[in-house]
file my_file-v9.csv (CSV, C-alpha atoms)
chain,number,residue,atom,x,y,z
A,7,MET,CA,0.0,0.0,0.0
A,8,LYS,CA,2.8,2.4,1.0
A,9,VAL,CA,4.7,1.6,-2.2
A,10,LYS,CA,1.6,2.5,-4.3
A,11,LEU,CA,1.2,5.7,-2.3
A,12,ILE,CA,4.8,6.7,-2.7
A,13,THR,CA,4.6,6.1,-6.4
A,14,SER,CA,1.5,8.2,-6.8
A,15,ILE,CA,3.1,11.1,-4.9
A,16,SER,CA,6.3,10.8,-7.0
A,17,ILE,CA,4.2,11.0,-10.2
A,18,ALA,CA,2.3,14.0,-8.8
A,19,LEU,CA,5.5,15.9,-8.0
A,20,LEU,CA,7.0,15.0,-11.5
A,21,LEU,CA,3.9,16.3,-13.3
A,22,ALA,CA,3.7,19.4,-11.1
A,23,ARG,CA,7.0,20.6,-12.4
A,24,TRP,CA,6.9,18.8,-15.8
A,25,LYS,CA,9.1,21.4,-17.6
A,26,GLN,CA,11.9,20.8,-15.2
A,27,THR,CA,11.3,17.1,-15.4
A,28,LEU,CA,11.5,17.3,-19.2
A,29,VAL,CA,14.7,19.3,-19.1
A,30,ALA,CA,16.3,16.7,-16.8
A,31,ALA,CA,15.1,13.8,-19.0
A,32,ILE,CA,16.5,15.5,-22.1
A,33,GLY,CA,19.8,15.9,-20.4
A,34,VAL,CA,20.0,12.2,-19.7
A,35,THR,CA,18.7,11.4,-23.2
A,36,PHE,CA,21.4,13.6,-24.8
A,37,GLY,CA,24.1,12.1,-22.7
A,38,ILE,CA,23.1,8.5,-23.5
A,39,THR,CA,22.6,9.3,-27.2
A,40,MET,CA,26.1,10.8,-27.6
A,41,PHE,CA,27.6,8.1,-25.4
A,42,ILE,CA,26.3,5.3,-27.7
A,43,THR,CA,27.0,7.2,-30.9
A,44,LEU,CA,30.5,8.2,-30.0
A,45,LEU,CA,31.5,4.7,-28.8
A,46,GLY,CA,29.8,3.1,-31.9
A,47,PHE,CA,31.6,5.4,-34.2
A,48,MET,CA,35.0,5.2,-32.5
A,49,THR,CA,34.9,1.5,-32.2
A,50,GLY,CA,33.8,1.2,-35.8
A,51,LEU,CA,36.8,3.4,-36.8
A,52,ASN,CA,39.1,1.2,-34.7
A,53,ASP,CA,37.8,-1.9,-36.5
A,54,LEU,CA,38.3,-0.2,-39.8
A,55,LEU,CA,41.9,0.9,-39.1
A,56,ASP,CA,42.9,-2.4,-37.6
A,57,GLY,CA,41.2,-4.3,-40.4
A,58,LEU,CA,43.4,-2.7,-43.0
A,59,VAL,CA,46.3,-4.7,-41.6
A,60,LEU,CA,44.7,-7.4,-39.4
A,61,ASN,CA,42.4,-8.7,-42.2
A,62,ARG,CA,45.5,-9.2,-44.4
A,63,THR,CA,47.7,-10.7,-41.7
A,64,PRO,CA,47.8,-14.4,-40.8
A,65,HIS,CA,47.3,-15.3,-37.1
A,66,ILE,CA,50.6,-17.3,-37.4
A,67,ARG,CA,53.2,-17.0,-40.2
A,68,LEU,CA,55.6,-19.9,-40.6
A,69,TYR,CA,58.7,-19.2,-42.5
A,70,ASN,CA,62.4,-20.0,-42.7
A,71,GLU,CA,64.5,-17.0,-41.6
A,72,ILE,CA,68.1,-16.8,-42.8
A,73,LEU,CA,70.2,-16.2,-39.7
A,74,ALA,CA,73.8,-16.6,-38.7
A,75,SER,CA,74.5,-19.8,-36.8
A,76,LYS,CA,74.5,-19.3,-33.0
A,77,ILE,CA,77.0,-22.1,-32.6
A,78,GLN,CA,80.3,-21.7,-34.4
A,79,PRO,CA,82.9,-24.5,-35.0
A,80,ILE,CA,85.2,-23.1,-32.2
A,81,ASP,CA,82.4,-23.8,-29.7
A,82,TYR,CA,82.9,-27.5,-30.3
A,83,SER,CA,86.6,-27.3,-29.3
A,84,GLU,CA,87.4,-28.9,-26.0
A,85,GLU,CA,90.4,-26.6,-25.5
A,86,TYR,CA,88.2,-23.4,-25.6
A,87,LYS,CA,85.0,-25.0,-24.2
A,88,LYS,CA,85.2,-22.9,-21.0
A,89,SER,CA,86.3,-19.7,-22.7
A,90,TYR,CA,84.3,-16.8,-24.1
A,91,ASN,CA,84.7,-16.8,-27.9
A,92,PHE,CA,84.3,-13.5,-29.6
A,93,ILE,CA,83.7,-13.9,-33.3
A,94,SER,CA,83.1,-11.0,-35.7
A,95,THR,CA,81.6,-10.7,-39.2
A,96,VAL,CA,79.7,-14.0,-38.9
A,97,LYS,CA,77.9,-14.8,-42.1
A,98,PRO,CA,74.4,-16.4,-42.3
A,99,LYS,CA,74.0,-20.1,-42.7
A,100,ASN,CA,74.0,-21.4,-46.3
A,101,GLU,CA,70.3,-22.0,-46.4
A,102,LYS,CA,67.4,-21.1,-48.7
A,103,LEU,CA,64.1,-19.4,-47.9
A,104,GLU,CA,62.2,-22.5,-48.9
A,105,ILE,CA,60.3,-24.4,-46.2
A,106,TYR,CA,61.5,-27.9,-46.5
A,107,ASN,CA,58.9,-30.7,-46.4
A,108,SER,CA,56.2,-28.1,-46.7
A,109,GLY,CA,53.6,-30.6,-47.8
A,110,ALA,CA,53.9,-32.7,-44.7
A,111,ILE,CA,53.7,-29.6,-42.5
A,112,ILE,CA,50.5,-28.4,-44.3
A,113,ASN,CA,48.9,-31.8,-43.8
A,114,LYS,CA,49.8,-31.8,-40.1
A,115,LEU,CA,48.3,-28.3,-39.7
A,116,LYS,CA,45.1,-29.3,-41.4
A,117,GLN,CA,44.6,-32.0,-38.8
A,118,ASP,CA,44.9,-29.4,-35.9
A,119,THR,CA,41.4,-28.7,-34.7
A,120,ARG,CA,42.5,-25.1,-33.6
A,121,VAL,CA,43.2,-24.2,-37.3
A,122,MET,CA,40.5,-22.5,-39.4
A,123,GLY,CA,42.5,-22.5,-42.6
A,124,ILE,CA,45.9,-22.5,-44.3
A,125,ALA,CA,47.2,-20.4,-47.2
A,126,PRO,CA,50.7,-21.2,-48.6
A,127,LYS,CA,52.6,-18.5,-50.3
A,128,VAL,CA,55.8,-17.9,-52.3
A,129,THR,CA,57.4,-14.5,-51.8
A,130,THR,CA,60.2,-13.1,-54.0
A,131,GLN,CA,61.8,-9.8,-54.6
A,132,VAL,CA,61.9,-8.7,-58.3
A,133,PHE,CA,62.7,-5.7,-60.5
A,134,PHE,CA,60.1,-4.3,-62.8
A,135,ASN,CA,61.8,-3.3,-66.1
A,136,VAL,CA,60.2,0.0,-67.1
A,137,GLY,CA,62.2,1.3,-70.1
A,138,ALA,CA,65.7,2.1,-68.8
A,139,ILE,CA,64.5,2.1,-65.2
A,140,ASP,CA,64.2,-0.8,-62.8
A,141,LEU,CA,61.6,-0.5,-60.1
A,142,THR,CA,61.9,-2.8,-57.0
A,143,GLY,CA,58.9,-4.8,-55.9
A,144,VAL,CA,57.7,-7.9,-54.2
A,145,ILE,CA,55.7,-10.6,-55.8
A,146,ASN,CA,53.5,-12.8,-53.6
A,147,GLY,CA,52.5,-16.1,-55.2
A,148,VAL,CA,49.3,-17.1,-53.5
A,149,ASP,CA,46.7,-19.8,-53.5
A,150,VAL,CA,43.9,-17.5,-54.8
A,151,GLU,CA,41.0,-19.3,-53.3
A,152,ALA,CA,42.5,-19.8,-49.9
A,153,GLU,CA,43.7,-16.2,-49.8
A,154,SER,CA,40.2,-14.9,-50.6
A,155,LYS,CA,38.5,-17.2,-48.1
A,156,LEU,CA,40.9,-16.4,-45.2
A,157,PHE,CA,42.2,-12.9,-45.9
A,158,PHE,CA,39.5,-11.2,-48.0
A,159,PHE,CA,41.8,-10.9,-51.0
A,160,GLN,CA,39.0,-10.3,-53.4
A,161,ASP,CA,37.8,-7.2,-51.4
A,162,TYR,CA,41.1,-5.4,-52.1
A,163,VAL,CA,41.2,-6.1,-55.9
A,164,VAL,CA,39.8,-2.8,-57.0
A,165,ASP,CA,39.9,-3.4,-60.7
A,166,GLY,CA,39.9,-6.7,-62.6
A,167,ASN,CA,38.9,-10.2,-61.3
A,168,TYR,CA,41.1,-11.9,-58.7
A,169,ILE,CA,40.2,-15.4,-60.1
A,170,ASP,CA,42.0,-14.5,-63.3
A,171,LEU,CA,45.3,-15.3,-61.6
A,172,ASN,CA,44.2,-18.9,-61.8
A,173,ASN,CA,42.6,-18.7,-65.3
A,174,THR,CA,45.3,-16.7,-67.1
A,175,PRO,CA,48.8,-18.1,-67.3
A,176,ASN,CA,51.7,-15.8,-66.4
A,177,SER,CA,49.4,-13.1,-65.0
A,178,ILE,CA,49.8,-10.6,-62.2
A,179,ILE,CA,47.7,-8.2,-60.1
A,180,LEU,CA,49.7,-5.1,-59.5
A,181,GLY,CA,49.6,-3.0,-56.4
A,182,LYS,CA,47.8,0.3,-57.3
A,183,GLY,CA,50.8,2.4,-56.4
A,184,ALA,CA,53.2,0.2,-58.5
A,185,ALA,CA,50.7,0.3,-61.5
A,186,ASP,CA,50.5,4.1,-61.3
A,187,LYS,CA,54.3,4.4,-61.3
A,188,MET,CA,54.6,2.2,-64.3
A,189,LEU,CA,51.4,3.6,-66.0
A,190,ALA,CA,50.4,0.0,-66.5
A,191,GLN,CA,46.8,-0.7,-67.7
A,192,ILE,CA,44.9,-4.0,-67.4
A,193,GLY,CA,45.9,-6.1,-70.3
A,194,ASP,CA,49.4,-4.7,-70.6
A,195,ILE,CA,52.5,-6.8,-70.4
A,196,VAL,CA,55.1,-6.1,-67.7
A,197,GLN,CA,58.6,-7.6,-67.5
A,198,VAL,CA,60.1,-8.7,-64.3
A,199,THR,CA,63.7,-9.7,-63.5
A,200,THR,CA,64.7,-11.8,-60.5
A,201,ALA,CA,67.7,-11.3,-58.3
A,202,LYS,CA,69.4,-14.1,-60.3
A,203,GLY,CA,68.8,-12.3,-63.6
A,204,ASP,CA,66.0,-14.5,-64.9
A,205,ARG,CA,63.3,-12.6,-66.8
A,206,LEU,CA,59.6,-13.3,-67.4
A,207,GLN,CA,56.8,-11.3,-69.0
A,208,LEU,CA,53.5,-11.1,-67.1
A,209,LYS,CA,50.1,-9.9,-68.1
A,210,VAL,CA,48.3,-7.4,-65.8
A,211,VAL,CA,44.8,-8.7,-64.9
A,212,GLY,CA,43.9,-6.4,-62.0
A,213,TYR,CA,44.9,-3.8,-59.4
A,214,PHE,CA,45.3,-4.4,-55.7
A,215,GLN,CA,44.8,-1.7,-53.1
A,216,SER,CA,45.1,-2.3,-49.4
A,217,GLY,CA,44.7,1.4,-48.3
A,218,ILE,CA,48.3,1.6,-47.1
A,219,GLN,CA,50.2,3.6,-49.8
A,220,GLU,CA,53.7,2.3,-49.1
A,221,VAL,CA,52.4,-1.3,-49.3
A,222,ASP,CA,50.6,-0.7,-52.6
A,223,LYS,CA,53.8,0.6,-54.2
A,224,VAL,CA,55.7,-2.7,-53.7
A,225,GLN,CA,53.2,-5.6,-53.1
A,226,ASN,CA,52.0,-7.5,-56.2
A,227,TYR,CA,50.3,-10.9,-56.6
A,228,THR,CA,50.4,-13.9,-58.8
A,229,SER,CA,49.4,-17.5,-58.5
A,230,ILE,CA,51.8,-19.9,-56.7
A,231,ALA,CA,52.6,-21.7,-60.0
A,232,THR,CA,53.6,-18.4,-61.7
A,233,ALA,CA,55.8,-17.3,-58.8
A,234,GLN,CA,57.5,-20.7,-58.8
A,235,LYS,CA,58.0,-20.3,-62.6
A,236,ILE,CA,59.5,-16.8,-62.1
A,237,LEU,CA,62.0,-18.3,-59.6
A,238,GLY,CA,62.6,-21.4,-61.7
A,239,VAL,CA,61.9,-23.8,-58.9
A,240,SER,CA,59.8,-26.9,-58.4
A,241,ASN,CA,56.1,-26.9,-57.6
A,242,SER,CA,56.9,-27.9,-54.0
A,243,TYR,CA,58.7,-24.7,-53.3
A,244,ILE,CA,57.0,-22.6,-50.6
A,245,THR,CA,58.4,-19.7,-48.5
A,246,ASP,CA,55.5,-19.0,-46.2
A,247,ILE,CA,52.7,-20.9,-44.6
A,248,GLN,CA,49.9,-18.6,-43.4
A,249,VAL,CA,47.7,-20.0,-40.6
A,250,LYS,CA,44.4,-18.6,-39.5
A,251,LEU,CA,43.1,-19.9,-36.1
A,252,LYS,CA,39.6,-20.2,-34.8
A,253,LEU,CA,40.6,-18.1,-31.8
A,254,MET,CA,43.1,-15.3,-32.6
A,255,GLU,CA,43.9,-14.9,-28.9
A,256,THR,CA,45.6,-18.3,-28.8
A,257,ALA,CA,48.1,-17.3,-31.5
A,258,PRO,CA,51.1,-16.6,-29.3
A,259,ILE,CA,50.9,-20.0,-27.5
A,260,VAL,CA,50.2,-21.9,-30.7
A,261,ALA,CA,53.0,-20.1,-32.6
A,262,THR,CA,55.5,-21.1,-29.9
A,263,GLU,CA,54.3,-24.7,-30.2
A,264,TYR,CA,54.6,-24.7,-34.0
A,265,ALA,CA,58.1,-23.2,-33.9
A,266,ASN,CA,59.3,-26.0,-31.7
A,267,LEU,CA,57.5,-28.7,-33.6
A,268,PHE,CA,58.5,-27.7,-37.1
A,269,ASP,CA,61.8,-26.0,-36.4
A,270,LEU,CA,60.7,-22.8,-38.2
A,271,GLU,CA,60.2,-19.2,-37.3
A,272,ALA,CA,56.6,-18.6,-36.2
A,273,LEU,CA,55.4,-15.0,-36.0
A,274,ASP,CA,52.0,-14.5,-34.2
A,275,ILE,CA,49.6,-11.6,-35.1
A,276,GLN,CA,49.9,-10.0,-31.7
A,277,THR,CA,53.6,-9.6,-32.0
A,278,ALA,CA,53.5,-8.5,-35.6
A,279,ASN,CA,50.8,-5.8,-35.0
A,280,SER,CA,51.2,-4.8,-31.3
A,281,GLN,CA,51.2,-1.1,-32.3
A,282,PHE,CA,47.7,-1.4,-33.7
A,283,GLU,CA,46.3,-2.9,-30.6
A,284,THR,CA,47.9,-0.1,-28.5
A,285,GLY,CA,46.3,2.5,-30.7
A,286,SER,CA,42.9,0.9,-30.5
A,287,SER,CA,43.0,0.7,-26.7
A,288,VAL,CA,43.9,4.4,-26.4
A,289,ARG,CA,41.1,5.4,-28.8
A,290,SER,CA,38.6,3.3,-27.0
A,291,LEU,CA,39.7,4.7,-23.6
A,292,ILE,CA,39.2,8.2,-24.9
A,293,SER,CA,35.8,7.4,-26.2
A,294,TYR,CA,34.6,5.9,-22.9
A,295,ALA,CA,36.1,8.8,-21.0
A,296,VAL,CA,34.2,11.4,-23.1
A,297,GLY,CA,30.9,9.4,-23.0
A,298,ILE,CA,31.0,8.9,-19.3
A,299,THR,CA,31.8,12.6,-18.8
A,300,LEU,CA,28.6,13.4,-20.8
A,301,LEU,CA,26.5,11.2,-18.5
A,302,ILE,CA,28.1,12.7,-15.3
A,303,VAL,CA,27.2,16.2,-16.6
A,304,ALA,CA,23.7,15.0,-17.2
A,305,GLY,CA,23.6,13.7,-13.6
A,306,PHE,CA,24.7,17.1,-12.2
A,307,GLY,CA,21.8,18.6,-14.2
A,308,ILE,CA,19.3,16.2,-12.5
A,309,TYR,CA,20.9,16.9,-9.1
A,310,ASN,CA,20.4,20.7,-9.5
A,311,ILE,CA,16.8,20.2,-10.7
A,312,LEU,CA,16.0,18.0,-7.7
A,313,ASN,CA,17.6,20.4,-5.4
A,314,MET,CA,15.4,23.2,-6.7
A,315,MET,CA,12.4,20.9,-6.6
A,316,ILE,CA,13.0,20.2,-2.9
A,317,TYR,CA,13.5,23.9,-2.1
A,318,GLU,CA,10.2,24.7,-3.9
A,319,LYS,CA,8.4,21.7,-2.4
A,320,ILE,CA,9.6,22.2,1.2
A,321,ASP,CA,6.0,22.9,2.4
A,322,THR,CA,4.9,19.7,0.8
A,323,ILE,CA,7.7,17.8,2.5
A,324,ALA,CA,6.7,19.3,5.8
A,325,ILE,CA,3.0,18.3,5.3
A,326,LEU,CA,4.1,14.7,4.4
A,327,LYS,CA,6.2,14.3,7.5
A,328,ALA,CA,3.6,16.0,9.7
A,329,THR,CA,1.0,13.5,8.4
A,330,GLY,CA,3.1,10.4,9.3
A,331,PHE,CA,5.6,9.9,6.5
A,332,SER,CA,9.0,9.1,7.8
A,333,GLY,CA,12.3,10.4,6.5
A,334,LYS,CA,12.9,7.2,4.6
A,335,ASP,CA,9.6,7.6,2.8
A,336,VAL,CA,10.5,11.1,1.7
A,337,LYS,CA,13.9,9.8,0.6
A,338,ARG,CA,12.1,7.1,-1.5
A,339,ILE,CA,9.9,9.6,-3.1
A,340,PHE,CA,12.7,11.7,-4.5
A,341,ILE,CA,14.9,8.7,-5.4
A,342,THR,CA,11.8,7.4,-7.3
A,343,ILE,CA,11.6,10.7,-9.1
A,344,ALA,CA,15.3,10.6,-10.0
A,345,LEU,CA,15.1,7.0,-11.2
A,346,SER,CA,12.0,7.7,-13.3
A,347,ILE,CA,13.9,10.5,-15.1
A,348,GLY,CA,17.0,8.2,-15.5
A,349,ILE,CA,15.0,5.3,-16.9
A,350,PHE,CA,12.8,7.4,-19.2
A,351,GLY,CA,15.7,9.5,-20.4
A,352,GLY,CA,17.9,6.4,-20.7
A,353,ILE,CA,15.4,4.5,-22.9
A,354,LEU,CA,15.0,7.6,-25.2
A,355,GLY,CA,18.8,7.9,-25.3
A,356,LEU,CA,19.2,4.3,-26.4
A,357,LEU,CA,16.7,4.9,-29.2
A,358,GLY,CA,18.3,8.2,-30.1
A,359,GLY,CA,21.8,6.6,-30.1
A,360,LEU,CA,20.6,3.8,-32.3
A,361,GLY,CA,18.9,6.2,-34.7
A,362,LEU,CA,21.9,8.5,-35.0
A,363,SER,CA,24.2,5.5,-35.5
A,364,ILE,CA,22.1,4.3,-38.4
A,365,ILE,CA,22.1,7.7,-39.9
A,366,ILE,CA,25.9,8.0,-39.7
A,367,ASP,CA,26.2,4.4,-41.0
A,368,ASN,CA,24.4,5.4,-44.2
A,369,ILE,CA,26.3,8.5,-45.0
A,370,PRO,CA,28.5,7.9,-48.1
A,371,PHE,CA,32.2,7.8,-47.4
A,372,ASN,CA,34.2,7.2,-50.6
A,373,THR,CA,38.0,7.5,-50.7
A,374,ALA,CA,40.6,6.0,-53.1
A,375,ALA,CA,42.8,5.1,-50.1
A,376,LEU,CA,40.1,2.8,-48.6
A,377,PRO,CA,38.4,0.9,-51.5
A,378,THR,CA,36.5,-1.5,-49.3
A,379,VAL,CA,34.8,1.4,-47.3
A,380,LYS,CA,31.6,2.8,-48.7
A,381,THR,CA,30.0,4.5,-45.6
A,382,TYR,CA,31.2,5.7,-42.2
A,383,PRO,CA,32.0,2.8,-39.9
A,384,ILE,CA,29.7,2.1,-37.0
A,385,ASN,CA,29.9,-0.7,-34.4
A,386,TYR,CA,26.5,-1.8,-33.0
A,387,ASN,CA,27.9,-3.8,-30.1
A,388,PRO,CA,25.0,-4.4,-27.6
A,389,LYS,CA,27.6,-3.9,-24.8
A,390,PHE,CA,27.4,-0.1,-25.4
A,391,TYR,CA,23.7,0.0,-24.9
A,392,ILE,CA,23.8,-2.1,-21.7
A,393,ILE,CA,26.6,0.1,-20.3
A,394,GLY,CA,24.6,3.3,-21.3
A,395,ILE,CA,21.3,2.3,-19.5
A,396,ILE,CA,23.1,1.0,-16.4
A,397,PHE,CA,25.2,4.1,-16.1
A,398,SER,CA,22.2,6.4,-16.6
A,399,ILE,CA,20.4,4.6,-13.8
A,400,ILE,CA,23.4,4.7,-11.4
A,401,THR,CA,24.1,8.4,-12.2
A,402,THR,CA,20.5,9.5,-11.7
A,403,TYR,CA,20.2,7.4,-8.5
A,404,PHE,CA,23.1,9.3,-6.9
A,405,ALA,CA,21.9,12.6,-8.3
A,406,GLY,CA,18.6,12.0,-6.5
A,407,TYR,CA,20.1,10.4,-3.4
A,408,LEU,CA,21.9,13.5,-2.1
A,409,PRO,CA,18.9,15.9,-2.3
A,410,SER,CA,16.5,13.2,-1.0
A,411,ARG,CA,18.8,12.7,2.0
A,412,LYS,CA,18.6,16.4,2.7
A,413,ALA,CA,14.8,16.4,2.4
A,414,SER,CA,14.5,13.4,4.7
A,415,LYS,CA,16.3,15.2,7.5
A,416,SER,CA,14.2,18.3,7.4
A,417,ASP,CA,12.1,19.1,10.5
A,418,PRO,CA,8.4,19.9,9.7
A,419,VAL,CA,8.0,22.0,12.8
A,420,VAL,CA,10.9,24.2,11.8
A,421,ILE,CA,9.6,24.5,8.3
A,422,ILE,CA,6.0,25.4,9.4
A,423,ARG,CA,7.3,27.8,12.1
A,424,GLY,CA,9.5,29.5,9.5
A,425,LYS,CA,6.5,30.1,7.3
call {"tool": "encode", "arguments": {"input": "my_file-v9.csv", "output": "structure tokens"}}
result
Amino acid sequence: MKVKLITSISIALLLARWKQTLVAAIGVTFGITMFITLLGFMTGLNDLLDGLVLNRTPHIRLYNEILASKIQPIDYSEEYKKSYNFISTVKPKNEKLEIYNSGAIINKLKQDTRVMGIAPKVTTQVFFNVGAIDLTGVINGVDVEAESKLFFFQDYVVDGNYIDLNNTPNSIILGKGAADKMLAQIGDIVQVTTAKGDRLQLKVVGYFQSGIQEVDKVQNYTSIATAQKILGVSNSYITDIQVKLKLMETAPIVATEYANLFDLEALDIQTANSQFETGSSVRSLISYAVGITLLIVAGFGIYNILNMMIYEKIDTIAILKATGFSGKDVKRIFITIALSIGIFGGILGLLGGLGLSIIIDNIPFNTAALPTVKTYPINYNPKFYIIGIIFSIITTYFAGYLPSRKASKSDPVVIIRGK
């Protein structure tokens, strides 16, 4: 019975000063709307920027790195076994970039239930012969279907058809920056020279654009068979094995396991792109800080309005206490008012944030540097909406608690005598 009475009194006080109530609710609504919109936009931007690299980066890259031997012949000598041996100008081991027994390694990886997919690759440095000038570049021989399935290769081919690498012998997809430097059109023939002096003519069937200008100036793509032909090696020659895991977070642990198992260098995605994760964390922290600040400002607005309401309704409070309402009942009335404003304003803020996010998500955003992006990026993570409504309730609760505590301690005799 008392709960129903307190609720009816709270509603009456809300409606008695409906303009102030509306202003307080609008403050909460604006704070929640901007909180959700800002976080959705900043998180979407983070996903976009990280995706430029992370989408094209394997979770684990297995390769054979050419390094100088850590153990030199003198280390095997019994005479100098207990001595410190200082050796200068040590040359790398006489090894090739090829991953030996790559077929068996790939079969072993396919049996691992943690692996989503595998994409072998052949990488080689070449010179593009443009008249009297030689331009340096890198040709990546890829399994086109695996590259498209795992690393969205087709999304970055801005002109031409990526599948032509399989259908057209001796074909190449040039990086957009490299194509612009060579003035190469689709259908043109470009000549490449390997480090050994071998030459081969390749037909341009498309352009590749990652959105990172320096990458697009040097990175070019062919099929694995064409890359092996350029190098003059057998069809078992592989320089990289790209692994995509079902859980990216396990990459460092799995990479260490593979390095020991296959005696190869294993580079995990967290190590290769640690700077991107740091940037994303900082941008997200800034977004949360700004959004929470907006909600706190809205909470102060509610606090001020309730303070004014208590001052104006001091006679009403005195009458309530004189007729038997306790200090706790008065406190509940004003906390109910504050929570009503917080919940109502919070729900409107959720709808407003969703609507504004949808509007931003449909605004055209076309730039040559980001061929895969057509509109401004927005992330609709439900977590933002849950945080928004919870924080609005908590903020408005404390905004109402302090004034209600003051009202609950007022003495009706003093108030009436003062009047």
call {"tool": "closest_atom_pairs", "arguments": {"input": "my_file-v9.csv", "of": "region 110-206 of chain A", "to": "region 51-65 of chain A", "cutoff": "9 Å", "atoms": "all atoms listed in the file", "output": "JSON lines"}}
result
{"residue": "A:Ala125", "atom": "CA", "partner": "A:Pro64", "partner_atom": "CA", "distance": 8.8}
{"residue": "A:Leu156", "atom": "CA", "partner": "A:Asn61", "partner_atom": "CA", "distance": 8.4}
{"residue": "A:Phe157", "atom": "CA", "partner": "A:Arg62", "partner_atom": "CA", "distance": 5.2}
{"residue": "A:Phe158", "atom": "CA", "partner": "A:Asn61", "partner_atom": "CA", "distance": 6.9}
{"residue": "A:Phe159", "atom": "CA", "partner": "A:Arg62", "partner_atom": "CA", "distance": 7.8}
call {"tool": "write_last_selection", "arguments": {"input": "my_file-v9.csv", "atoms": "C-alpha atoms", "output": "compact mmCIF listing (two decimals), keeping the file's coordinate frame"}}
result
# COMPACT_ATOMS: atom_id res chain seq x y z
CA ALA A 125 47.20 -20.40 -47.20
CA LEU A 156 40.90 -16.40 -45.20
CA PHE A 157 42.20 -12.90 -45.90
CA PHE A 158 39.50 -11.20 -48.00
CA PHE A 159 41.80 -10.90 -51.00
call {"tool": "residues_around", "arguments": {"input": "my_file-v9.csv", "residues": "region 262-266 of chain A", "least_positions_apart": "5", "cutoff": "12 Å", "atoms": "only C-alpha atoms", "output": "ChimeraX atom specification"}}
result
/A:66-71,111-112,114-115,118,121,247,249,256-257,271-274,277
call {"tool": "atom_distance", "arguments": {"input": "my_file-v9.csv", "atom1": "CA of Asp246 (chain A)", "atom2": "CA of Glu104 (chain A)"}}
result
8.0 Å
call {"tool": "closest_residue", "arguments": {"input": "my_file-v9.csv", "among": "A:Val148, A:Leu270, A:Ile236, A:Val211", "to": "Val163 (chain A)", "atoms": "all atoms listed in the file"}}
result
A:Val211
call {"tool": "closest_residue", "arguments": {"input": "my_file-v9.csv", "among": "A:Ser154, A:Gly238, A:Thr43, A:Pro383", "to": "Gly359 (chain A)", "atoms": "all atoms listed in the file"}}
result
A:Thr43
call {"tool": "atom_distance", "arguments": {"input": "my_file-v9.csv", "atom1": "CA of Gln276 (chain A)", "atom2": "CA of Val288 (chain A)"}}
result
16.5 Å
call {"tool": "closest_residue", "arguments": {"input": "my_file-v9.csv", "among": "A:Val221, A:Phe268, A:Ile38, A:Leu11", "to": "Ser108 (chain A)", "atoms": "only C-alpha atoms"}}
result
A:Phe268
call {"tool": "atom_distance", "arguments": {"input": "my_file-v9.csv", "atom1": "CA of Val239 (chain A)", "atom2": "CA of Thr142 (chain A)"}}
result
21.1 Å
call {"tool": "closest_residue", "arguments": {"input": "my_file-v9.csv", "among": "A:Val34, A:Leu356, A:Ile17, A:Tyr227", "to": "Gln160 (chain A)", "atoms": "only C-alpha atoms"}}
result
A:Tyr227
call {"tool": "residues_around", "arguments": {"input": "my_file-v9.csv", "residues": "Thr200 (chain A)", "least_positions_apart": "5", "cutoff": "9 Å", "atoms": "all atoms listed in the file", "output": "number ranges by chain"}}
result
A: 130-133, 205-206, 236-237
